[in-house]
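A short write-up of the structure that comes next.
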Amino acid sequence: MRADAPPPPVMPMARMAPKPAADMQAVLDAQAALGAKPIERLTPDEARRQPTPADGAKSVMAARGMSTAPDPAVTTRDLPYGSDPMQFARIYTPAGAITGAAMPVIVYYHGGGWVIANVDVYDATPRAMAKALNAIVVSVEYRRAPEVKFPGQHEDAAAAYRWVLANARSWGGDVSRMALAGESAGGNLAVATAMMARDMRLPTPRHILAVYPIANSIKTLPAKRENYNAKPLNTPMLDWFAHYWSRTKADAMDPRVNLVNAPLRGL
């Protein structure tokens, strides 16, 4: 077996998958039509190169005559926070921001199980937040597994947060009005980074937004049985991600991953 081969397949459990909402089903159908395959059957490199849900969404939008161009109401620029090519952040700023007026700052971490996806795939959320909230949104790119395993992603997330604290004022940001946000694996990084800031006695975020974060590694949870075959995220995919990001089984119980048992007081 190749070192980058996916884990051995798990026999599917006999249950019906939950039915996606109509708009999600349209995206899933479009993504499949573009040639996307089940991630758990691929290597990380194959999974990263195949069409994404974002590609599916753009395909649906184009079919409906909607523009797929980035919203010009928000400008972006990429800046490094570390020496690795993956250690950079995309700064989203409302195009009509008033010069000299300090804006709130949101540090955002994208999803992808710490293995796939990037700031391009997760462009829509930080762009929408910057526009709707009149805030600077810093979308953090981080090194991915299996090239860099746990806790590399958490270390990058923490380093990026410190970097934002040190530099946000120069972008017109107000570090006294900071928030952390993320989706999926990124939602986990948002909470874990807040814990780091508290423990290191750094300025802590006023708010934390964690959208369906990785938070519990127990394989027998009812949700993991009920949604075993769900789309776009299912239980075999969670196992596939864990196979690549973890060094040992003990990593899954680390409080930075297993948030339900983490010390969350003071956040």
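Numbering starts fresh at 1 for the residues of each chain in the structure tokens, the chains themselves are lettered A, B, ... in the order given, and ligands are numbered from 1 as they appear.
Counting only C-alpha atoms, range 55-66 of chain A has the following residues at most 6 Å away, ignoring those fewer than 4 positions along the same chain: Val27, Ala30, Gln31 and Pro51 of chain A.
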DSSP-assigned helix (DSSP H, G or I) among range 19-264 of chain A, expressed as a ChimeraX atom specification: /A:22-33,39-41,44-49,53-63,124-133,152-171,185-199,222-226,235-245,249-253,259-261
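Using only C-alpha atoms, the protein and nucleic acid residues lying no more than 8 Å from range 69-77 of chain A, apart from those fewer than 6 places from it along its own chain, are A:Arg90, A:Ile91, A:Tyr92, A:Thr93, A:Pro94, A:Ala95, A:Gly96, A:Arg127, A:Ala130, A:Lys131.
For the pair CA of Tyr108 in chain A and CA of Pro222 in chain A, the separation is 29.2 Å.
Pairwise distance (CA of His207 in chain A, CA of Val164 in chain A) equals 15.6 Å.
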Computed interatomic separation between CA of Val137 in chain A and CA of Pro104 in chain A (Å): 8.5 Å
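Among A:Leu221, A:Val119, A:Ala190, A:Ala135, the residue with the shortest atom-to-atom distance to Ala101 in chain A, counting only C-alpha atoms, is A:Ala135.
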Spatial neighbours of Arg162 in chain A, max dist 12 Å, only C-alpha atoms, sep filter under 3 positions, as a PyMOL selection string: chain A and resi 81-82+107+140+155-159+165-168+175+178+193-194+196-197+200-205
Listing only residues of range 39-106 of chain A within 10 Å of range 237-257 of chain A, what is the closest atom pair and its distance in Å (to one decimal) for each, using only C-alpha atoms, sorted by chain and residue number ascending, as CSV?
residue,atom,partner,partner_atom,distance
A:Ile39,CA,A:Met237,CA,6.7
A:Glu40,CA,A:Met237,CA,5.3
A:Arg41,CA,A:Trp240,CA,8.7
A:Leu42,CA,A:Trp240,CA,9.3
A:Thr43,CA,A:Trp240,CA,9.5
A:Pro44,CA,A:Tyr244,CA,8.3
Write to file, as a PDB file, in the first residue's frame, the residues of the selection just made, with N, CA, C and O atoms.
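What ended up in out36.pdb:
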ATOM      1  N   ILE A  39     -14.514  11.330  -1.281  1.00  0.00           N
ATOM      2  CA  ILE A  39     -13.185  11.668  -0.784  1.00  0.00           C
ATOM      3  C   ILE A  39     -12.515  10.493  -0.096  1.00  0.00           C
ATOM      4  O   ILE A  39     -11.303  10.284  -0.222  1.00  0.00           O
ATOM      5  N   GLU A  40     -13.315   9.686   0.618  1.00  0.00           N
ATOM      6  CA  GLU A  40     -12.721   8.597   1.387  1.00  0.00           C
ATOM      7  C   GLU A  40     -12.098   7.509   0.509  1.00  0.00           C
ATOM      8  O   GLU A  40     -11.411   6.616   1.014  1.00  0.00           O
ATOM      9  N   ARG A  41     -12.311   7.585  -0.801  1.00  0.00           N
ATOM     10  CA  ARG A  41     -11.705   6.619  -1.723  1.00  0.00           C
ATOM     11  C   ARG A  41     -10.439   7.165  -2.386  1.00  0.00           C
ATOM     12  O   ARG A  41      -9.830   6.481  -3.211  1.00  0.00           O
ATOM     13  N   LEU A  42     -10.066   8.390  -2.055  1.00  0.00           N
ATOM     14  CA  LEU A  42      -8.971   9.063  -2.734  1.00  0.00           C
ATOM     15  C   LEU A  42      -7.777   9.263  -1.810  1.00  0.00           C
ATOM     16  O   LEU A  42      -7.889   9.151  -0.586  1.00  0.00           O
ATOM     17  N   THR A  43      -6.641   9.589  -2.401  1.00  0.00           N
ATOM     18  CA  THR A  43      -5.497  10.046  -1.624  1.00  0.00           C
ATOM     19  C   THR A  43      -5.695  11.539  -1.349  1.00  0.00           C
ATOM     20  O   THR A  43      -6.500  12.210  -2.029  1.00  0.00           O
ATOM     21  N   PRO A  44      -4.974  12.107  -0.383  1.00  0.00           N
ATOM     22  CA  PRO A  44      -5.103  13.550  -0.151  1.00  0.00           C
ATOM     23  C   PRO A  44      -4.838  14.381  -1.402  1.00  0.00           C
ATOM     24  O   PRO A  44      -5.554  15.350  -1.675  1.00  0.00           O
TER      25      PRO A  44
END
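Nearest residue to Lys37 in chain A, choosing from A:Asn227, A:Gln25, A:Gln50, A:Ser139 and counting only C-alpha atoms: A:Gln50.
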